[in-house]
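Novice: Got model-v1.json for you, JSON, C-alpha atoms and all ligand atoms:
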[["chain", "number", "residue", "atom", "x", "y", "z"],
["T", 1, "MET", "CA", -9.58, 7.58, -28.22],
["T", 2, "LYS", "CA", -8.84, 5.19, -25.32],
["T", 3, "TYR", "CA", -7.45, 6.73, -22.15],
["T", 4, "ALA", "CA", -5.75, 5.22, -19.09],
["T", 5, "ILE", "CA", -5.43, 7.45, -16.05],
["T", 6, "ILE", "CA", -2.82, 5.97, -13.72],
["T", 7, "THR", "CA", -1.99, 7.36, -10.29],
["T", 8, "GLY", "CA", 1.52, 6.77, -8.98],
["T", 9, "ALA", "CA", 2.85, 6.29, -12.52],
["T", 10, "SER", "CA", 6.22, 7.86, -11.63],
["T", 11, "ARG", "CA", 7.71, 4.56, -10.40],
["T", 12, "GLY", "CA", 7.00, 0.98, -9.33],
["T", 13, "LEU", "CA", 3.86, -0.80, -10.51],
["T", 14, "GLY", "CA", 2.25, 2.40, -11.84],
["T", 15, "ALA", "CA", 5.22, 3.20, -14.12],
["T", 16, "ALA", "CA", 5.27, -0.37, -15.45],
["T", 17, "ALA", "CA", 1.50, -0.34, -16.13],
["T", 18, "ALA", "CA", 1.78, 3.06, -17.85],
["T", 19, "GLN", "CA", 4.53, 1.79, -20.12],
["T", 20, "GLN", "CA", 2.44, -1.25, -21.13],
["T", 21, "MET", "CA", -0.69, 0.84, -21.76],
["T", 22, "LEU", "CA", 1.37, 3.13, -24.04],
["T", 23, "GLU", "CA", 2.49, 0.08, -26.02],
["T", 24, "LYS", "CA", -1.20, -0.77, -26.57],
["T", 25, "ASP", "CA", -1.82, 2.66, -28.17],
["T", 26, "ILE", "CA", -3.78, 3.92, -25.20],
["T", 27, "HIS", "CA", -3.31, 7.56, -24.21],
["T", 28, "VAL", "CA", -1.74, 7.49, -20.75],
["T", 29, "VAL", "CA", -2.52, 10.22, -18.23],
["T", 30, "SER", "CA", 0.06, 9.93, -15.47],
["T", 31, "VAL", "CA", -0.74, 11.43, -12.05],
["T", 32, "SER", "CA", 1.80, 11.78, -9.22],
["T", 33, "ARG", "CA", 3.79, 14.50, -7.48],
["T", 34, "ASN", "CA", 6.86, 13.89, -9.69],
["T", 35, "GLU", "CA", 6.92, 13.24, -13.41],
["T", 36, "SER", "CA", 8.99, 10.25, -14.55],
["T", 37, "SER", "CA", 11.48, 11.29, -17.23],
["T", 38, "LEU", "CA", 11.80, 7.61, -18.21],
["T", 39, "LEU", "CA", 8.07, 7.35, -18.89],
["T", 40, "LYS", "CA", 8.10, 10.61, -20.84],
["T", 41, "GLN", "CA", 10.99, 9.34, -22.98],
["T", 42, "ALA", "CA", 9.28, 5.97, -23.46],
["T", 43, "ALA", "CA", 6.15, 7.75, -24.69],
["T", 44, "GLU", "CA", 8.19, 9.84, -27.15],
["T", 45, "HIS", "CA", 10.06, 6.74, -28.31],
["T", 46, "ALA", "CA", 6.89, 4.68, -28.80],
["T", 47, "GLY", "CA", 5.18, 7.62, -30.52],
["T", 48, "GLY", "CA", 2.45, 7.10, -27.92],
["T", 49, "SER", "CA", 0.29, 9.88, -26.60],
["T", 50, "TYR", "CA", 0.91, 10.78, -22.99],
["T", 51, "SER", "CA", 0.15, 13.56, -20.51],
["T", 52, "HIS", "CA", 1.24, 14.19, -16.95],
["T", 53, "PHE", "CA", -0.75, 15.99, -14.25],
["T", 54, "SER", "CA", 1.03, 16.78, -10.98],
["T", 55, "CYS", "CA", -1.10, 16.14, -7.94],
["T", 56, "ASP", "CA", -0.53, 15.51, -4.25],
["T", 57, "LEU", "CA", -3.14, 12.84, -3.56],
["T", 58, "ALA", "CA", -2.89, 13.57, 0.16],
["T", 59, "ALA", "CA", -4.66, 16.91, -0.50],
["T", 60, "ALA", "CA", -8.38, 16.29, -1.18],
["T", 61, "ASP", "CA", -8.90, 19.76, -2.72],
["T", 62, "GLN", "CA", -6.07, 19.10, -5.22],
["T", 63, "VAL", "CA", -7.59, 15.71, -6.06],
["T", 64, "GLN", "CA", -10.96, 17.31, -6.87],
["T", 65, "SER", "CA", -9.50, 20.12, -8.97],
["T", 66, "VAL", "CA", -6.86, 18.11, -10.86],
["T", 67, "PHE", "CA", -9.22, 15.21, -11.62],
["T", 68, "SER", "CA", -11.95, 17.61, -12.79],
["T", 69, "LYS", "CA", -9.39, 18.95, -15.31],
["T", 70, "ILE", "CA", -8.43, 15.42, -16.33],
["T", 71, "ALA", "CA", -12.11, 14.53, -16.80],
["T", 72, "GLU", "CA", -12.61, 17.59, -19.00],
["T", 73, "PHE", "CA", -9.57, 16.54, -21.04],
["T", 74, "VAL", "CA", -10.52, 12.88, -21.59],
["T", 75, "PHE", "CA", -14.31, 12.88, -21.86],
["T", 76, "LYS", "CA", -14.23, 15.16, -24.96],
["T", 77, "ASP", "CA", -13.46, 12.22, -27.24],
["T", 78, "ALA", "CA", -13.13, 9.10, -25.06],
["T", 79, "GLU", "CA", -14.54, 5.79, -26.28],
["T", 80, "ILE", "CA", -13.42, 4.11, -23.01],
["T", 81, "VAL", "CA", -11.62, 5.38, -19.92],
["T", 82, "TYR", "CA", -9.47, 3.14, -17.69],
["T", 83, "VAL", "CA", -8.61, 4.46, -14.23],
["T", 84, "ILE", "CA", -5.93, 2.68, -12.19],
["T", 85, "ASN", "CA", -5.94, 3.93, -8.59],
["T", 86, "ASN", "CA", -2.44, 2.64, -7.92],
["T", 87, "ALA", "CA", -0.61, 5.28, -5.82],
["T", 88, "GLY", "CA", -0.11, 4.10, -2.28],
["T", 89, "VAL", "CA", 1.94, 4.62, 0.86],
["T", 90, "ILE", "CA", 2.89, 2.07, 3.52],
["T", 91, "GLU", "CA", 3.83, 4.49, 6.33],
["T", 92, "PRO", "CA", 3.31, 4.78, 9.25],
["T", 93, "ILE", "CA", 5.05, 1.49, 10.05],
["T", 94, "GLU", "CA", 4.52, 1.61, 13.80],
["T", 95, "VAL", "CA", 2.45, 0.01, 16.53],
["T", 96, "GLY", "CA", -0.73, 1.61, 17.86],
["T", 97, "GLY", "CA", 0.13, 4.19, 20.55],
["T", 98, "GLU", "CA", 3.25, 5.28, 18.61],
["T", 99, "LEU", "CA", 1.59, 6.41, 15.36],
["T", 100, "ASP", "CA", 2.53, 9.80, 13.90],
["T", 101, "PRO", "CA", -0.82, 11.60, 13.33],
["T", 102, "SER", "CA", 0.34, 13.35, 10.17],
["T", 103, "LEU", "CA", 1.50, 10.05, 8.59],
["T", 104, "VAL", "CA", -1.85, 8.50, 9.56],
["T", 105, "GLN", "CA", -3.69, 11.29, 7.76],
["T", 106, "THR", "CA", -1.51, 11.06, 4.65],
["T", 107, "ASN", "CA", -1.99, 7.30, 4.45],
["T", 108, "VAL", "CA", -5.78, 7.58, 4.75],
["T", 109, "HIS", "CA", -5.90, 10.35, 2.12],
["T", 110, "VAL", "CA", -3.59, 8.71, -0.45],
["T", 111, "ASN", "CA", -4.71, 5.08, -0.03],
["T", 112, "LEU", "CA", -8.43, 5.59, 0.58],
["T", 113, "THR", "CA", -9.89, 9.10, 0.19],
["T", 114, "ALA", "CA", -8.24, 9.78, -3.18],
["T", 115, "PRO", "CA", -9.41, 6.51, -4.85],
["T", 116, "ILE", "CA", -12.95, 7.13, -3.56],
["T", 117, "LEU", "CA", -13.06, 10.75, -4.78],
["T", 118, "ILE", "CA", -11.58, 9.81, -8.16],
["T", 119, "SER", "CA", -13.98, 6.86, -8.61],
["T", 120, "ASN", "CA", -16.93, 9.04, -7.61],
["T", 121, "LEU", "CA", -16.04, 11.74, -10.14],
["T", 122, "PHE", "CA", -15.40, 9.32, -12.99],
["T", 123, "LEU", "CA", -18.53, 7.23, -12.34],
["T", 124, "GLN", "CA", -20.55, 10.45, -12.42],
["T", 125, "LYS", "CA", -18.96, 11.39, -15.77],
["T", 126, "ALA", "CA", -19.61, 7.87, -17.08],
["T", 127, "LYS", "CA", -23.29, 8.30, -16.24],
["T", 128, "ASP", "CA", -23.49, 11.81, -17.75],
["T", 129, "THR", "CA", -21.69, 10.95, -20.99],
["T", 130, "GLY", "CA", -22.61, 7.27, -21.49],
["T", 131, "CYS", "CA", -18.90, 6.47, -21.84],
["T", 132, "LYS", "CA", -17.69, 3.20, -20.25],
["T", 133, "VAL", "CA", -15.29, 3.66, -17.34],
["T", 134, "VAL", "CA", -13.22, 0.77, -15.94],
["T", 135, "ILE", "CA", -11.73, 1.44, -12.51],
["T", 136, "ALA", "CA", -9.05, -0.80, -10.96],
["T", 137, "ASN", "CA", -8.20, -0.07, -7.33],
["T", 138, "VAL", "CA", -4.81, -1.50, -6.37],
["T", 139, "THR", "CA", -5.17, -3.22, -3.02],
["T", 140, "SER", "CA", -3.00, -5.60, -0.98],
["T", 141, "GLY", "CA", -3.07, -8.95, 0.79],
["T", 142, "ALA", "CA", -2.71, -6.77, 3.91],
["T", 143, "ALA", "CA", -6.39, -5.85, 3.43],
["T", 144, "GLU", "CA", -7.32, -9.39, 4.43],
["T", 145, "ARG", "CA", -5.14, -10.09, 7.50],
["T", 146, "PRO", "CA", -3.69, -8.04, 10.36],
["T", 147, "ILE", "CA", 0.07, -7.39, 10.10],
["T", 148, "HIS", "CA", 2.00, -6.13, 13.14],
["T", 149, "GLY", "CA", 2.99, -2.46, 12.64],
["T", 150, "TRP", "CA", 0.76, -1.97, 9.58],
["T", 151, "SER", "CA", -2.56, -1.07, 11.26],
["T", 152, "ILE", "CA", -3.18, 1.96, 9.05],
["T", 153, "TYR", "CA", -2.13, 0.31, 5.76],
["T", 154, "CYS", "CA", -4.20, -2.82, 6.54],
["T", 155, "SER", "CA", -7.20, -0.62, 7.42],
["T", 156, "THR", "CA", -7.06, 1.62, 4.35],
["T", 157, "LYS", "CA", -6.61, -1.31, 1.96],
["T", 158, "ALA", "CA", -9.47, -3.22, 3.66],
["T", 159, "ALA", "CA", -11.66, -0.14, 3.18],
["T", 160, "VAL", "CA", -10.62, 0.07, -0.49],
["T", 161, "ASN", "CA", -11.81, -3.53, -0.91],
["T", 162, "MET", "CA", -15.17, -2.77, 0.68],
["T", 163, "PHE", "CA", -15.61, 0.41, -1.40],
["T", 164, "THR", "CA", -14.84, -1.63, -4.53],
["T", 165, "MET", "CA", -17.31, -4.39, -3.65],
["T", 166, "THR", "CA", -20.05, -1.87, -2.83],
["T", 167, "ALA", "CA", -19.53, 0.35, -5.89],
["T", 168, "GLY", "CA", -19.39, -2.83, -8.01],
["T", 169, "LEU", "CA", -22.70, -4.02, -6.57],
["T", 170, "GLU", "CA", -24.31, -0.64, -7.33],
["T", 171, "LEU", "CA", -23.09, -0.64, -10.94],
["T", 172, "GLU", "CA", -24.38, -4.18, -11.38],
["T", 173, "GLN", "CA", -27.80, -3.31, -9.99],
["T", 174, "ASN", "CA", -28.02, -0.20, -12.22],
["T", 175, "GLY", "CA", -27.13, -2.20, -15.33],
["T", 176, "SER", "CA", -24.20, 0.17, -16.01],
["T", 177, "PRO", "CA", -21.60, -0.81, -18.64],
["T", 178, "SER", "CA", -18.87, 0.53, -16.30],
["T", 179, "ARG", "CA", -16.79, -1.69, -14.02],
["T", 180, "VAL", "CA", -15.04, -1.28, -10.66],
["T", 181, "ILE", "CA", -12.64, -3.98, -9.51],
["T", 182, "ALA", "CA", -9.68, -4.32, -7.14],
["T", 183, "PHE", "CA", -6.31, -5.87, -7.97],
["T", 184, "SER", "CA", -3.99, -7.37, -5.36],
["T", 185, "PRO", "CA", -0.44, -7.33, -6.82],
["T", 186, "GLY", "CA", 1.44, -9.53, -4.34],
["T", 187, "ILE", "CA", 4.95, -8.61, -3.20],
["T", 188, "MET", "CA", 6.96, -6.63, -5.77],
["T", 189, "ASP", "CA", 10.48, -5.28, -5.95],
["T", 190, "THR", "CA", 9.69, -1.55, -5.65],
["T", 191, "ASP", "CA", 10.55, 1.44, -3.43],
["T", 192, "MET", "CA", 7.70, 0.47, -1.11],
["T", 193, "GLN", "CA", 9.54, -2.75, -0.22],
["T", 194, "SER", "CA", 12.75, -0.74, 0.45],
["T", 195, "THR", "CA", 10.76, 1.43, 2.88],
["T", 196, "ILE", "CA", 9.47, -1.73, 4.60],
["T", 197, "ARG", "CA", 13.01, -3.19, 4.89],
["T", 198, "SER", "CA", 14.34, 0.06, 6.38],
["T", 199, "SER", "CA", 11.91, -0.06, 9.34],
["T", 200, "ASN", "CA", 12.84, -1.65, 12.69],
["T", 201, "GLU", "CA", 11.72, -4.76, 14.54],
["T", 202, "GLU", "CA", 9.96, -2.98, 17.42],
["T", 203, "ALA", "CA", 7.77, -1.19, 14.89],
["T", 204, "PHE", "CA", 7.40, -4.18, 12.52],
["T", 205, "ALA", "CA", 7.78, -7.71, 13.87],
["T", 206, "ASP", "CA", 7.97, -9.36, 10.40],
["T", 207, "LEU", "CA", 10.98, -7.29, 9.30],
["T", 208, "GLU", "CA", 13.32, -10.29, 8.90],
["T", 209, "THR", "CA", 10.78, -12.15, 6.73],
["T", 210, "PHE", "CA", 10.54, -9.17, 4.39],
["T", 211, "ARG", "CA", 14.36, -8.79, 4.24],
["T", 212, "LYS", "CA", 14.51, -12.47, 3.25],
["T", 213, "TYR", "CA", 11.94, -11.93, 0.47],
["T", 214, "LYS", "CA", 14.45, -9.60, -1.18],
["T", 215, "GLU", "CA", 17.50, -11.81, -0.53],
["T", 216, "SER", "CA", 15.77, -14.93, -1.86],
["T", 217, "GLY", "CA", 14.48, -13.18, -5.00],
["T", 218, "SER", "CA", 10.84, -13.72, -3.96],
["T", 219, "LEU", "CA", 9.74, -10.19, -4.89],
["T", 220, "ARG", "CA", 8.14, -10.09, -8.33],
["T", 221, "SER", "CA", 9.21, -7.60, -10.94],
["T", 222, "PRO", "CA", 6.63, -4.79, -11.30],
["T", 223, "ASP", "CA", 6.75, -5.38, -15.09],
["T", 224, "VAL", "CA", 5.44, -8.95, -14.69],
["T", 225, "VAL", "CA", 2.69, -7.83, -12.30],
["T", 226, "ALA", "CA", 1.75, -4.89, -14.55],
["T", 227, "GLY", "CA", 1.41, -7.37, -17.44],
["T", 228, "ALA", "CA", -1.22, -9.29, -15.47],
["T", 229, "LEU", "CA", -3.03, -6.10, -14.45],
["T", 230, "VAL", "CA", -3.14, -4.64, -17.97],
["T", 231, "LYS", "CA", -4.29, -7.94, -19.50],
["T", 232, "LEU", "CA", -7.00, -8.20, -16.84],
["T", 233, "ILE", "CA", -8.50, -4.74, -17.28],
["T", 234, "LEU", "CA", -8.38, -4.80, -21.09],
["T", 235, "ALA", "CA", -10.34, -8.06, -21.12],
["T", 236, "ASP", "CA", -14.09, -7.79, -21.61],
["T", 237, "SER", "CA", -14.96, -10.22, -18.84],
["T", 238, "LEU", "CA", -14.43, -8.17, -15.66],
["T", 239, "GLU", "CA", -16.78, -8.97, -12.81],
["T", 240, "ASN", "CA", -18.00, -5.89, -10.94],
["T", 241, "GLY", "CA", -16.81, -5.62, -7.32],
["T", 242, "MET", "CA", -14.39, -8.54, -7.64],
["T", 243, "ILE", "CA", -11.00, -8.56, -5.87],
["T", 244, "TYR", "CA", -8.59, -10.11, -8.42],
["T", 245, "ARG", "CA", -5.32, -11.54, -7.06],
["T", 246, "VAL", "CA", -2.15, -11.68, -9.15],
["T", 247, "ASN", "CA", -1.38, -15.25, -8.02],
["T", 248, "ASP", "CA", -4.60, -16.42, -9.70],
["T", 249, "LEU", "CA", -3.76, -14.55, -12.92],
["T", 250, "LEU", "CA", -0.13, -15.51, -13.62],
["C", 301, "LIG", "N1", 5.33, -3.22, -3.50],
["C", 301, "LIG", "C1", 4.63, -4.21, -2.97],
["C", 301, "LIG", "O1", 5.18, -5.24, -2.58],
["C", 301, "LIG", "C2", 3.13, -4.07, -2.87],
["C", 301, "LIG", "C3", 2.42, -5.16, -2.31],
["C", 301, "LIG", "C4", 1.02, -5.07, -2.24],
["C", 301, "LIG", "C5", 0.37, -3.93, -2.69],
["C", 301, "LIG", "N2", 1.10, -2.89, -3.22],
["C", 301, "LIG", "C6", 0.36, -1.72, -3.70],
["C", 301, "LIG", "O2", 0.71, -1.49, -5.06],
["C", 301, "LIG", "C7", 0.61, -0.08, -5.36],
["C", 301, "LIG", "C8", 1.90, 0.41, -6.00],
["C", 301, "LIG", "O3", 2.94, 0.20, -5.08],
["C", 301, "LIG", "P1", 4.49, 0.34, -5.47],
["C", 301, "LIG", "O4", 5.18, -0.71, -4.72],
["C", 301, "LIG", "O5", 4.64, 0.48, -6.94],
["C", 301, "LIG", "O6", 4.81, 1.74, -4.75],
["C", 301, "LIG", "P2", 6.06, 2.75, -4.92],
["C", 301, "LIG", "O7", 7.12, 2.16, -5.77],
["C", 301, "LIG", "O8", 6.39, 3.20, -3.54],
["C", 301, "LIG", "O9", 5.39, 3.96, -5.73],
["C", 301, "LIG", "C9", 4.36, 4.70, -5.16],
["C", 301, "LIG", "C10", 3.75, 5.63, -6.19],
["C", 301, "LIG", "O10", 2.70, 6.37, -5.51],
["C", 301, "LIG", "C11", 2.89, 7.75, -5.74],
["C", 301, "LIG", "N3", 2.50, 8.53, -4.56],
["C", 301, "LIG", "C12", 2.84, 8.31, -3.27],
["C", 301, "LIG", "N4", 2.36, 9.30, -2.49],
["C", 301, "LIG", "C13", 1.72, 10.16, -3.32],
["C", 301, "LIG", "C14", 1.02, 11.39, -3.13],
["C", 301, "LIG", "N5", 0.92, 11.96, -1.92],
["C", 301, "LIG", "N6", 0.48, 12.01, -4.20],
["C", 301, "LIG", "C15", 0.61, 11.46, -5.44],
["C", 301, "LIG", "N7", 1.23, 10.30, -5.69],
["C", 301, "LIG", "C16", 1.79, 9.67, -4.63],
["C", 301, "LIG", "C17", 4.41, 7.92, -5.99],
["C", 301, "LIG", "O11", 4.62, 9.05, -6.83],
["C", 301, "LIG", "P3", 5.35, 10.43, -6.36],
["C", 301, "LIG", "O12", 6.27, 10.09, -5.24],
["C", 301, "LIG", "O13", 6.01, 10.90, -7.61],
["C", 301, "LIG", "O14", 4.21, 11.31, -5.96],
["C", 301, "LIG", "C18", 4.75, 6.64, -6.74],
["C", 301, "LIG", "O15", 4.56, 6.80, -8.12],
["C", 301, "LIG", "C19", 0.28, 0.60, -4.03],
["C", 301, "LIG", "O16", -1.10, 0.85, -3.95],
["C", 301, "LIG", "C20", 0.68, -0.44, -2.99],
["C", 301, "LIG", "O17", -0.03, -0.29, -1.77],
["C", 301, "LIG", "C21", 2.45, -2.94, -3.29]]
Show the structure stored in the file as structure tokens.

Specialist:
Amino acid sequence: MKYAIITGASRGLGAAAAQQMLEKDIHVVSVSRNESSLLKQAAEHAGGSYSHFSCDLAAADQVQSVFSKIAEFVFKDAEIVYVINNAGVIEPIEVGGELDPSLVQTNVHVNLTAPILISNLFLQKAKDTGCKVVIANVTSGAAERPIHGWSIYCSTKAAVNMFTMTAGLELEQNGSPSRVIAFSPGIMDTDMQSTIRSSNEEAFADLETFRKYKESGSLRSPDVVAGALVKLILADSLENGMIYRVNDLL
């Protein structure tokens, strides 16, 4: 059996990727706080196999316990396991000196700590079982340049890139069949962009530019981006530690 574990599969890019994995006869394990009824229905309709595990990725203890259960579930009969660390949060959108400490903590936990803990657990299982694991960490262009008001998001995504490059280097040097890559999806028409547009100019100087992205139809559909992501990770030619960018893939 092939499995795809997708965090943040309840909406946006994660939901679109889950739907496309189902269509490829891959068992989808969705992880988020809320279960998407649309995804559940799509799985029933496609006759695809699907499971949902509720987890608040901001709580490290929940991440360890839920993902240990998921590992027990998939490694019984897995021939390959795909993990898409997709869930992410943009908040706090605020300048340094005005940051809400609890939003800072949530961002660091969801965007950075959770993908690291999940990767660590699944790479350990890959080693123990000999099963190939392919991990895709969803990153952002914000990892590569400072954006006013996004200090925490830019920092966590930059750290995700460095974790990916380092874990990829280690797998390469160990001669492991497993792969760790990052995927930068570009700007997409999802709830995250609505959150960005509902901020204010003192907190986020580029607000008008992002409002115009929506008005001018510049935001890509998450379905199109998910198509590129799914095609990428199902291909046999992934380069360990590489940061793949959607603009180079479409
Ligand atoms: N949208 C863009 O333009 C854009 C651009 C560059 C990069 N990205 C990246 O692409 C990825 C997907 O973004 P998106 O736009 O699809 O986001 P989205 O529409 O806001 O969806 C976010 C997903 O993350 C999950 N999530 C958030 N907090 C969580 C928590 N505490 N515990 C568990 N799950 C949580 C949500 O599920 P629940 O609420 O059900 O828990 C939801 O499924 C993110 O990593 C984002 O940083 C997005």

Novice: Given the choices T:Thr113, T:Asn107, T:Ala126, T:Tyr82, which gets closest to Leu232 of chain T if the distance is worked out from all atoms listed in the file?

Specialist: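 For Leu232 of chain T, the nearest of the candidates is T:Tyr82.
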
Novice: Show which residues sit within 9 Å of Ala78 of chain T, as number ranges by chain. Count only C-alpha atoms, and ignore same-chain residues fewer than 5 positions away.

Specialist: T: 1-3, 131-132

Novice: Contacts of Ala87 of chain T at 10 Å or less, counting all atoms listed in the file, minus same-chain residues fewer than 5 places along, as a list in words?

Specialist: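 The filter keeps Ile6, Thr7, Gly8, Ala9, Ser10, Arg11, Gly12, Leu13, Gly14, Val31, Ser32, Leu57, Val110, Asn111, Ala114, Pro115, Asn137 and Val138 of chain T.
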
Novice: Neighbours of Gln64 of chain T within 12 Å (all atoms listed in the file; same-chain residues fewer than 6 positions away dropped), as a list in words?

Specialist: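 In the requested form, the answer reads Cys55, Asp56, Leu57, Ala58, Ile70, Ala71, Thr113, Ala114, Pro115, Ile116, Leu117, Ile118, Ser119, Asn120, Leu121 and Phe122 of chain T.
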
Novice: Distance cut-off 6 Å, centre (8.1, -0.1, 16.7) in file coordinates, counting all atoms listed in the file: which residues qualify? Return them as a PyMOL selection string.

Specialist: chain T and resi 94-95+202-204

Novice: Rounded to one decimal in Å, what is the spacing between atom CA of Ser37 of chain T and atom CA of Pro92 of chain T?

Specialist: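 Between atom CA of Ser37 of chain T and atom CA of Pro92 of chain T the gap is 28.5 Å.
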
Novice: Mind giving me the straight-line distance from atom CA of Asp100 of chain T to atom CA of Tyr153 of chain T in Å, one decimal?

Specialist: 13.3 Å

Novice: Using all atoms listed in the file, which of the listed residues (T:Gly175, T:Gly241, T:Pro146, T:Gly141) sits closest to ligand LIG 301 (chain C)?

Specialist: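 Among the listed residues, T:Gly141 lies closest to ligand LIG 301 (chain C).
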
Novice: Neighbourhood query: residues within 12 Å of (5.6, 6.8, -22.9), file coordinates, counting only C-alpha atoms; return as a compact mmCIF listing (two decimals) with C-alpha atoms, keeping the file's coordinate frame.

Specialist:
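Writing done, so here's result22.txt:
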# COMPACT_ATOMS: atom_id res chain seq x y z
CA ALA T 9 2.85 6.29 -12.52
CA SER T 10 6.22 7.86 -11.63
CA ALA T 15 5.22 3.20 -14.12
CA ALA T 16 5.27 -0.37 -15.45
CA ALA T 17 1.50 -0.34 -16.13
CA ALA T 18 1.78 3.06 -17.85
CA GLN T 19 4.53 1.79 -20.12
CA GLN T 20 2.44 -1.25 -21.13
CA MET T 21 -0.69 0.84 -21.76
CA LEU T 22 1.37 3.13 -24.04
CA GLU T 23 2.49 0.08 -26.02
CA LYS T 24 -1.20 -0.77 -26.57
CA ASP T 25 -1.82 2.66 -28.17
CA ILE T 26 -3.78 3.92 -25.20
CA HIS T 27 -3.31 7.56 -24.21
CA VAL T 28 -1.74 7.49 -20.75
CA VAL T 29 -2.52 10.22 -18.23
CA SER T 30 0.06 9.93 -15.47
CA GLU T 35 6.92 13.24 -13.41
CA SER T 36 8.99 10.25 -14.55
CA SER T 37 11.48 11.29 -17.23
CA LEU T 38 11.80 7.61 -18.21
CA LEU T 39 8.07 7.35 -18.89
CA LYS T 40 8.10 10.61 -20.84
CA GLN T 41 10.99 9.34 -22.98
CA ALA T 42 9.28 5.97 -23.46
CA ALA T 43 6.15 7.75 -24.69
CA GLU T 44 8.19 9.84 -27.15
CA HIS T 45 10.06 6.74 -28.31
CA ALA T 46 6.89 4.68 -28.80
CA GLY T 47 5.18 7.62 -30.52
CA GLY T 48 2.45 7.10 -27.92
CA SER T 49 0.29 9.88 -26.60
CA TYR T 50 0.91 10.78 -22.99
CA SER T 51 0.15 13.56 -20.51
CA HIS T 52 1.24 14.19 -16.95

Novice: Mind pulling up the distance from atom CA of Pro177 of chain T to atom N7 of ligand LIG 301 (chain C)?

Specialist: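 Result for atom N7 of ligand LIG 301 (chain C) versus atom CA of Pro177 of chain T: 28.5 Å, one decimal.
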
Novice: Please determine, counting all atoms listed in the file, which residue among T:Val74, T:Leu234, T:Val66, T:Ile135 has the shortest atom-to-atom distance to Ser178 of chain T.

Specialist: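 That would be T:Ile135, the residue with the smallest distance to Ser178 of chain T.
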
Novice: I need the residue nearest His148 of chain T from this list: T:Leu229, T:Val180, T:Ile93, T:Ile80. Use all atoms listed in the file for the distance.

Specialist: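 When distances to His148 of chain T are compared using all atoms listed in the file, the smallest one comes from T:Ile93.
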
Novice: Measuring atom to atom with all atoms listed in the file, identify which of T:Leu123, T:Ile90, T:Ile147, T:Ala4 is nearest to ligand LIG 301 (chain C).

Specialist: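 Closest residue, counting all atoms listed in the file: T:Ile90.
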
Novice: Measuring atom to atom with only C-alpha atoms and all ligand atoms, identify which of T:Thr209, T:Ser102, T:Asn161, T:Thr195 is nearest to ligand LIG 301 (chain C).

Specialist: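 For ligand LIG 301 (chain C), the nearest of the candidates is T:Thr195.
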
Novice: Need to verify the contact set: segment 211-217 of chain T, 12 Å, all atoms listed in the file, exclusion of same-chain residues closer than 5 positions in sequence. Can you return it as JSON, numbers by chain?

Specialist: {"T": [186, 187, 188, 189, 190, 191, 193, 194, 195, 196, 197, 198, 199, 200, 201, 204, 205, 206]}

Novice: Can those selected residues be exported to a file as a compact mmCIF listing (two decimals), in the frame of the given file so that it contains C-alpha atoms?

Specialist:
# COMPACT_ATOMS: atom_id res chain seq x y z
CA GLY T 186 1.44 -9.53 -4.34
CA ILE T 187 4.95 -8.61 -3.20
CA MET T 188 6.96 -6.63 -5.77
CA ASP T 189 10.48 -5.28 -5.95
CA THR T 190 9.69 -1.55 -5.65
CA ASP T 191 10.55 1.44 -3.43
CA GLN T 193 9.54 -2.75 -0.22
CA SER T 194 12.75 -0.74 0.45
CA THR T 195 10.76 1.43 2.88
CA ILE T 196 9.47 -1.73 4.60
CA ARG T 197 13.01 -3.19 4.89
CA SER T 198 14.34 0.06 6.38
CA SER T 199 11.91 -0.06 9.34
CA ASN T 200 12.84 -1.65 12.69
CA GLU T 201 11.72 -4.76 14.54
CA PHE T 204 7.40 -4.18 12.52
CA ALA T 205 7.78 -7.71 13.87
CA ASP T 206 7.97 -9.36 10.40
